[in-house]
Amino acid sequence: MTSAALADEVEQLKAAALAYEARHFPIPDFVLPPGVRMAVNFTLDFDAMLARRLANEPPMQLAKGEFGGRIGIWRLLEMYEAHDIKVTIFTPGRICELYPEALRRAARAGHEIADHMWEHHVPKDKALEEDHLLKTIAALERVAGRRPVGTRSEHSPALLRRQGFIYNSSTSCTYTPLYQDDENGMNRMVQLPVHFAIDDAMYFSANWGGSKTAAQRLLDPDEVFEMWRSAFWHQYRLGGYLNFMLHPFVSGRASRVDMLERLIVEMKKLPGVWFPTCEDLARHVLARHPA
């Protein structure tokens with residue numbers, strides 16, 4: 001590649017980065033409700049074996065996903081309910097057919113049931129994308145008794161807005177709630193950012209995202225506890241926000257449930273820690289910091 005071609009490619013990358021940045025609107029004076037110092041979202045990506053199947057993974061990986069639907073989700077729900085914490089469950093529409101009782105139990109207990117695509121992917125064809133989203137909305141409404149208003153997906157913001165969604169939780173571009181436009185500078189929505197540093201699969205799931213086993217190791221829950229407690233303390237000092245992205249087939253293992261419970265006990269010792277659902281936080285953002 002010539003120096004002129006390289007310079008041209010760099011300029012194109014810079015232009016793309018600036019255009020992407022221009023779509024994001026952090027809230028510089030972000031304020032939490034009175035008496036609240038920090039908001040903590042606990043979110044469960046209840047994929048079960050769907051993501052494994054899409055990746056064409058072997059039977060043992062599929063069985064690992066099935067564990068999340070048969071056992072892991074129940075353990076986590078019982079633990080959160082024991083601490084009176086409401087979580088947001090991002091779930092594909094297909095899971096409503098596979099594990100409807102778990103989702104009904106969660107909805108009855110006051111947890112939020114939110115969209116995570118129909119089969120854990122967004123089709124490129126626009127008509128098929130809309131069909132997938134509408135099927136997911138109908139399936140979630142059947143098990144939860146109400147339409148979802150949140151998503152963790154790459155669905156088109158225009159389509160999401162048309163169907164009544166108020167927030168997405170799929171970006172890592174900052175560490176507090178923000179607004180995000182689509183590529184045309186329209187269809188602004190609340191974004192509740194997540195990060196792989198507080199995603200359980202990064203620490204407890206070998207071969208995650210197609211990586212080689214040698215590139216990963218299964219950490220002791222105590223190691224992850226210390227990292228996540230440190231992340232919590234950092235945000236608590238700032239008066240900030242954390243969004244934990246957990247998977248029932250990962251964090252539903254007994255020792256990891258215990259680790260999460262110890263972390264919650266530590267958090268609840270401090271004044272001003274709020275454990276909202278993602279919907280609760282998104283509605284606060286819309287009311288306190290209108291777009």
# chains A, B, ... in the order shown; residues from 1 in each chain; ligands from 1
>>> residues_around(residues="segment 128-139 of chain A", least_positions_apart="5", cutoff="12 Å", atoms="only C-alpha atoms", output="number ranges by chain")
A: 90-100, 103-104, 113-123, 144-165
>>> select_by_dssp(residues="segment 27-266 of chain A", states="strand (DSSP E)", output="JSON, numbers by chain")
{"A": [38, 39, 40, 41, 42, 43, 44, 45, 88, 89, 90, 91, 112, 113, 114, 115, 150, 151, 167, 168, 178, 179, 180, 189, 190, 191, 241, 242, 243, 244, 245, 246]}
>>> atom_distance(atom1="atom CA of Val285 of chain A", atom2="atom CA of Val194 of chain A")
16.3 Å
>>> select_by_dssp(residues="segment 22-108 of chain A", states="alpha helix (DSSP H)", output="PyMOL selection string")
chain A and resi 22+50-54+59-67+73-82+95-98+100-108
>>> residues_around(residues="Ala48 of chain A", least_positions_apart="4", cutoff="6 Å", atoms="only C-alpha atoms", output="PyMOL selection string")
chain A and resi 65-66+68-69
>>> closest_residue(among="A:Glu226, A:Asp84, A:Glu78, A:Asp8", to="Ala102 of chain A", atoms="only C-alpha atoms")
A:Glu78
>>> residues_around(residues="Leu260 of chain A", least_positions_apart="4", cutoff="8 Å", atoms="only C-alpha atoms", output="list in words")
Phe225, Arg256 and Ile264 of chain A
>>> atom_distance(atom1="atom CA of Gly72 of chain A", atom2="atom CA of Phe249 of chain A")
5.6 Å
>>> atom_distance(atom1="atom CA of Met38 of chain A", atom2="atom CA of His234 of chain A")
10.6 Å
>>> residues_around(residues="Tyr167 of chain A", least_positions_apart="4", cutoff="6 Å", atoms="only C-alpha atoms", output="list in words")
Gly150, Met189, Val190 and Gln191 of chain A
>>> closest_residue(among="A:Val36, A:Glu141, A:Tyr179, A:Ala17", to="His289 of chain A", atoms="only C-alpha atoms")
A:Tyr179
>>> residues_around(residues="Ala82 of chain A", least_positions_apart="3", cutoff="12 Å", atoms="only C-alpha atoms", output="list in words")
Arg75, Leu76, Leu77, Glu78, Met79, Ile85, Lys86, Ala109, Glu261, Ile264 and Val265 of chain A
>>> residues_around(residues="Ala19 of chain A", least_positions_apart="2", cutoff="12 Å", atoms="only C-alpha atoms", output="CSV table (one decimal) with C-alpha atoms, in the first residue's frame")
chain,number,residue,atom,x,y,z
A,12,GLN,CA,-11.8,7.4,5.8
A,13,LEU,CA,-11.5,5.7,9.2
A,14,LYS,CA,-11.4,9.1,11.0
A,15,ALA,CA,-14.5,10.3,9.1
A,16,ALA,CA,-16.4,7.1,10.0
A,17,ALA,CA,-15.4,7.4,13.7
A,21,GLU,CA,-19.5,9.7,17.6
A,22,ALA,CA,-21.9,12.3,16.3
A,23,ARG,CA,-24.8,9.9,16.8
A,24,HIS,CA,-24.2,9.6,20.5
A,181,ASP,CA,-29.5,8.4,17.0
A,182,ASP,CA,-29.7,6.1,14.0
A,183,GLU,CA,-27.3,6.6,11.0
A,184,ASN,CA,-29.6,9.3,9.6
A,185,GLY,CA,-29.6,11.3,12.8
>>> closest_residue(among="A:Ile89, A:Ala5, A:Val250, A:Ala197", to="Ala63 of chain A", atoms="only C-alpha atoms")
A:Val250
>>> decode(residues="segment 219-233 of chain A", atoms="all heavy atoms", output="PDB file, in the first residue's frame")
ATOM      1  N   LEU A 219     -12.170 -18.529  35.307  1.00  0.00           N
ATOM      2  CA  LEU A 219     -11.654 -17.912  36.511  1.00  0.00           C
ATOM      3  C   LEU A 219     -12.386 -18.412  37.747  1.00  0.00           C
ATOM      4  O   LEU A 219     -13.549 -18.799  37.695  1.00  0.00           O
ATOM      5  CB  LEU A 219     -11.789 -16.396  36.428  1.00  0.00           C
ATOM      6  CG  LEU A 219     -10.993 -15.671  35.337  1.00  0.00           C
ATOM      7  CD1 LEU A 219     -11.053 -14.171  35.565  1.00  0.00           C
ATOM      8  CD2 LEU A 219      -9.545 -16.137  35.284  1.00  0.00           C
ATOM      9  N   ASP A 220     -11.676 -18.365  38.848  1.00  0.00           N
ATOM     10  CA  ASP A 220     -12.291 -18.629  40.140  1.00  0.00           C
ATOM     11  C   ASP A 220     -13.294 -17.515  40.428  1.00  0.00           C
ATOM     12  O   ASP A 220     -12.996 -16.337  40.213  1.00  0.00           O
ATOM     13  CB  ASP A 220     -11.205 -18.651  41.213  1.00  0.00           C
ATOM     14  CG  ASP A 220     -11.733 -19.085  42.563  1.00  0.00           C
ATOM     15  OD1 ASP A 220     -12.557 -18.336  43.137  1.00  0.00           O
ATOM     16  OD2 ASP A 220     -11.321 -20.157  43.041  1.00  0.00           O
ATOM     17  N   PRO A 221     -14.501 -17.849  40.914  1.00  0.00           N
ATOM     18  CA  PRO A 221     -15.477 -16.798  41.225  1.00  0.00           C
ATOM     19  C   PRO A 221     -14.941 -15.721  42.150  1.00  0.00           C
ATOM     20  O   PRO A 221     -15.350 -14.558  42.054  1.00  0.00           O
ATOM     21  CB  PRO A 221     -16.633 -17.578  41.859  1.00  0.00           C
ATOM     22  CG  PRO A 221     -16.557 -18.930  41.244  1.00  0.00           C
ATOM     23  CD  PRO A 221     -15.087 -19.200  41.085  1.00  0.00           C
ATOM     24  N   ASP A 222     -14.024 -16.071  43.051  1.00  0.00           N
ATOM     25  CA  ASP A 222     -13.470 -15.066  43.958  1.00  0.00           C
ATOM     26  C   ASP A 222     -12.676 -14.002  43.196  1.00  0.00           C
ATOM     27  O   ASP A 222     -12.672 -12.824  43.583  1.00  0.00           O
ATOM     28  CB  ASP A 222     -12.569 -15.716  45.003  1.00  0.00           C
ATOM     29  CG  ASP A 222     -13.369 -16.468  46.059  1.00  0.00           C
ATOM     30  OD1 ASP A 222     -14.582 -16.213  46.176  1.00  0.00           O
ATOM     31  OD2 ASP A 222     -12.784 -17.326  46.752  1.00  0.00           O
ATOM     32  N   GLU A 223     -11.982 -14.407  42.108  1.00  0.00           N
ATOM     33  CA  GLU A 223     -11.251 -13.428  41.306  1.00  0.00           C
ATOM     34  C   GLU A 223     -12.215 -12.446  40.650  1.00  0.00           C
ATOM     35  O   GLU A 223     -11.973 -11.233  40.623  1.00  0.00           O
ATOM     36  CB  GLU A 223     -10.430 -14.143  40.226  1.00  0.00           C
ATOM     37  CG  GLU A 223      -9.299 -15.000  40.726  1.00  0.00           C
ATOM     38  CD  GLU A 223      -8.555 -15.641  39.574  1.00  0.00           C
ATOM     39  OE1 GLU A 223      -7.779 -14.935  38.894  1.00  0.00           O
ATOM     40  OE2 GLU A 223      -8.757 -16.847  39.328  1.00  0.00           O
ATOM     41  N   VAL A 224     -13.308 -12.974  40.100  1.00  0.00           N
ATOM     42  CA  VAL A 224     -14.285 -12.121  39.439  1.00  0.00           C
ATOM     43  C   VAL A 224     -14.980 -11.224  40.462  1.00  0.00           C
ATOM     44  O   VAL A 224     -15.256 -10.047  40.198  1.00  0.00           O
ATOM     45  CB  VAL A 224     -15.295 -12.975  38.658  1.00  0.00           C
ATOM     46  CG1 VAL A 224     -16.336 -12.098  37.972  1.00  0.00           C
ATOM     47  CG2 VAL A 224     -14.570 -13.828  37.618  1.00  0.00           C
ATOM     48  N   PHE A 225     -15.252 -11.770  41.639  1.00  0.00           N
ATOM     49  CA  PHE A 225     -15.848 -10.973  42.713  1.00  0.00           C
ATOM     50  C   PHE A 225     -15.003  -9.735  42.992  1.00  0.00           C
ATOM     51  O   PHE A 225     -15.536  -8.613  43.102  1.00  0.00           O
ATOM     52  CB  PHE A 225     -15.977 -11.826  43.977  1.00  0.00           C
ATOM     53  CG  PHE A 225     -16.426 -11.060  45.188  1.00  0.00           C
ATOM     54  CD1 PHE A 225     -17.769 -10.829  45.422  1.00  0.00           C
ATOM     55  CD2 PHE A 225     -15.488 -10.564  46.098  1.00  0.00           C
ATOM     56  CE1 PHE A 225     -18.186 -10.113  46.550  1.00  0.00           C
ATOM     57  CE2 PHE A 225     -15.901  -9.850  47.218  1.00  0.00           C
ATOM     58  CZ  PHE A 225     -17.252  -9.628  47.438  1.00  0.00           C
ATOM     59  N   GLU A 226     -13.700  -9.898  43.095  1.00  0.00           N
ATOM     60  CA  GLU A 226     -12.834  -8.763  43.401  1.00  0.00           C
ATOM     61  C   GLU A 226     -12.835  -7.744  42.267  1.00  0.00           C
ATOM     62  O   GLU A 226     -12.848  -6.529  42.514  1.00  0.00           O
ATOM     63  CB  GLU A 226     -11.402  -9.248  43.675  1.00  0.00           C
ATOM     64  CG  GLU A 226     -11.252 -10.050  44.954  1.00  0.00           C
ATOM     65  CD  GLU A 226     -11.646  -9.253  46.194  1.00  0.00           C
ATOM     66  OE1 GLU A 226     -11.508  -8.012  46.180  1.00  0.00           O
ATOM     67  OE2 GLU A 226     -12.091  -9.876  47.177  1.00  0.00           O
ATOM     68  N   MET A 227     -12.826  -8.210  41.029  1.00  0.00           N
ATOM     69  CA  MET A 227     -12.853  -7.277  39.900  1.00  0.00           C
ATOM     70  C   MET A 227     -14.160  -6.507  39.855  1.00  0.00           C
ATOM     71  O   MET A 227     -14.180  -5.289  39.628  1.00  0.00           O
ATOM     72  CB  MET A 227     -12.627  -8.036  38.585  1.00  0.00           C
ATOM     73  CG  MET A 227     -11.200  -8.506  38.379  1.00  0.00           C
ATOM     74  SD  MET A 227     -10.918  -9.206  36.739  1.00  0.00           S
ATOM     75  CE  MET A 227     -11.719 -10.801  36.897  1.00  0.00           C
ATOM     76  N   TRP A 228     -15.269  -7.202  40.051  1.00  0.00           N
ATOM     77  CA  TRP A 228     -16.571  -6.538  39.969  1.00  0.00           C
ATOM     78  C   TRP A 228     -16.808  -5.634  41.177  1.00  0.00           C
ATOM     79  O   TRP A 228     -17.431  -4.581  41.047  1.00  0.00           O
ATOM     80  CB  TRP A 228     -17.663  -7.581  39.820  1.00  0.00           C
ATOM     81  CG  TRP A 228     -17.686  -8.184  38.440  1.00  0.00           C
ATOM     82  CD1 TRP A 228     -16.884  -7.854  37.385  1.00  0.00           C
ATOM     83  CD2 TRP A 228     -18.553  -9.209  37.967  1.00  0.00           C
ATOM     84  NE1 TRP A 228     -17.197  -8.612  36.283  1.00  0.00           N
ATOM     85  CE2 TRP A 228     -18.220  -9.456  36.626  1.00  0.00           C
ATOM     86  CE3 TRP A 228     -19.571  -9.964  38.560  1.00  0.00           C
ATOM     87  CZ2 TRP A 228     -18.882 -10.404  35.851  1.00  0.00           C
ATOM     88  CZ3 TRP A 228     -20.231 -10.911  37.794  1.00  0.00           C
ATOM     89  CH2 TRP A 228     -19.897 -11.138  36.451  1.00  0.00           C
ATOM     90  N   ARG A 229     -16.317  -6.043  42.340  1.00  0.00           N
ATOM     91  CA  ARG A 229     -16.440  -5.161  43.499  1.00  0.00           C
ATOM     92  C   ARG A 229     -15.639  -3.888  43.276  1.00  0.00           C
ATOM     93  O   ARG A 229     -16.090  -2.788  43.634  1.00  0.00           O
ATOM     94  CB  ARG A 229     -15.970  -5.866  44.773  1.00  0.00           C
ATOM     95  CG  ARG A 229     -16.112  -4.977  46.014  1.00  0.00           C
ATOM     96  CD  ARG A 229     -15.914  -5.735  47.294  1.00  0.00           C
ATOM     97  NE  ARG A 229     -14.565  -6.281  47.414  1.00  0.00           N
ATOM     98  CZ  ARG A 229     -14.107  -6.883  48.516  1.00  0.00           C
ATOM     99  NH1 ARG A 229     -14.910  -7.031  49.559  1.00  0.00           N
ATOM    100  NH2 ARG A 229     -12.882  -7.348  48.558  1.00  0.00           N
ATOM    101  N   SER A 230     -14.469  -3.997  42.662  1.00  0.00           N
ATOM    102  CA  SER A 230     -13.659  -2.826  42.354  1.00  0.00           C
ATOM    103  C   SER A 230     -14.383  -1.917  41.370  1.00  0.00           C
ATOM    104  O   SER A 230     -14.375  -0.681  41.530  1.00  0.00           O
ATOM    105  CB  SER A 230     -12.305  -3.264  41.778  1.00  0.00           C
ATOM    106  OG  SER A 230     -11.535  -2.156  41.386  1.00  0.00           O
ATOM    107  N   ALA A 231     -15.021  -2.511  40.345  1.00  0.00           N
ATOM    108  CA  ALA A 231     -15.783  -1.715  39.380  1.00  0.00           C
ATOM    109  C   ALA A 231     -16.941  -1.000  40.066  1.00  0.00           C
ATOM    110  O   ALA A 231     -17.230   0.171  39.781  1.00  0.00           O
ATOM    111  CB  ALA A 231     -16.306  -2.605  38.259  1.00  0.00           C
ATOM    112  N   PHE A 232     -17.593  -1.696  40.982  1.00  0.00           N
ATOM    113  CA  PHE A 232     -18.697  -1.082  41.718  1.00  0.00           C
ATOM    114  C   PHE A 232     -18.202   0.096  42.554  1.00  0.00           C
ATOM    115  O   PHE A 232     -18.792   1.186  42.539  1.00  0.00           O
ATOM    116  CB  PHE A 232     -19.365  -2.128  42.615  1.00  0.00           C
ATOM    117  CG  PHE A 232     -20.292  -1.526  43.634  1.00  0.00           C
ATOM    118  CD1 PHE A 232     -21.547  -1.062  43.265  1.00  0.00           C
ATOM    119  CD2 PHE A 232     -19.900  -1.415  44.960  1.00  0.00           C
ATOM    120  CE1 PHE A 232     -22.396  -0.485  44.205  1.00  0.00           C
ATOM    121  CE2 PHE A 232     -20.746  -0.846  45.909  1.00  0.00           C
ATOM    122  CZ  PHE A 232     -21.999  -0.378  45.519  1.00  0.00           C
ATOM    123  N   TRP A 233     -17.121  -0.096  43.295  1.00  0.00           N
ATOM    124  CA  TRP A 233     -16.608   0.973  44.150  1.00  0.00           C
ATOM    125  C   TRP A 233     -16.210   2.186  43.327  1.00  0.00           C
ATOM    126  O   TRP A 233     -16.431   3.332  43.744  1.00  0.00           O
ATOM    127  CB  TRP A 233     -15.417   0.466  44.971  1.00  0.00           C
ATOM    128  CG  TRP A 233     -15.826  -0.067  46.305  1.00  0.00           C
ATOM    129  CD1 TRP A 233     -15.871  -1.374  46.693  1.00  0.00           C
ATOM    130  CD2 TRP A 233     -16.266   0.698  47.428  1.00  0.00           C
ATOM    131  NE1 TRP A 233     -16.318  -1.473  47.991  1.00  0.00           N
ATOM    132  CE2 TRP A 233     -16.565  -0.214  48.465  1.00  0.00           C
ATOM    133  CE3 TRP A 233     -16.438   2.054  47.663  1.00  0.00           C
ATOM    134  CZ2 TRP A 233     -17.023   0.189  49.708  1.00  0.00           C
ATOM    135  CZ3 TRP A 233     -16.900   2.465  48.898  1.00  0.00           C
ATOM    136  CH2 TRP A 233     -17.178   1.541  49.904  1.00  0.00           C
TER     137      TRP A 233
END
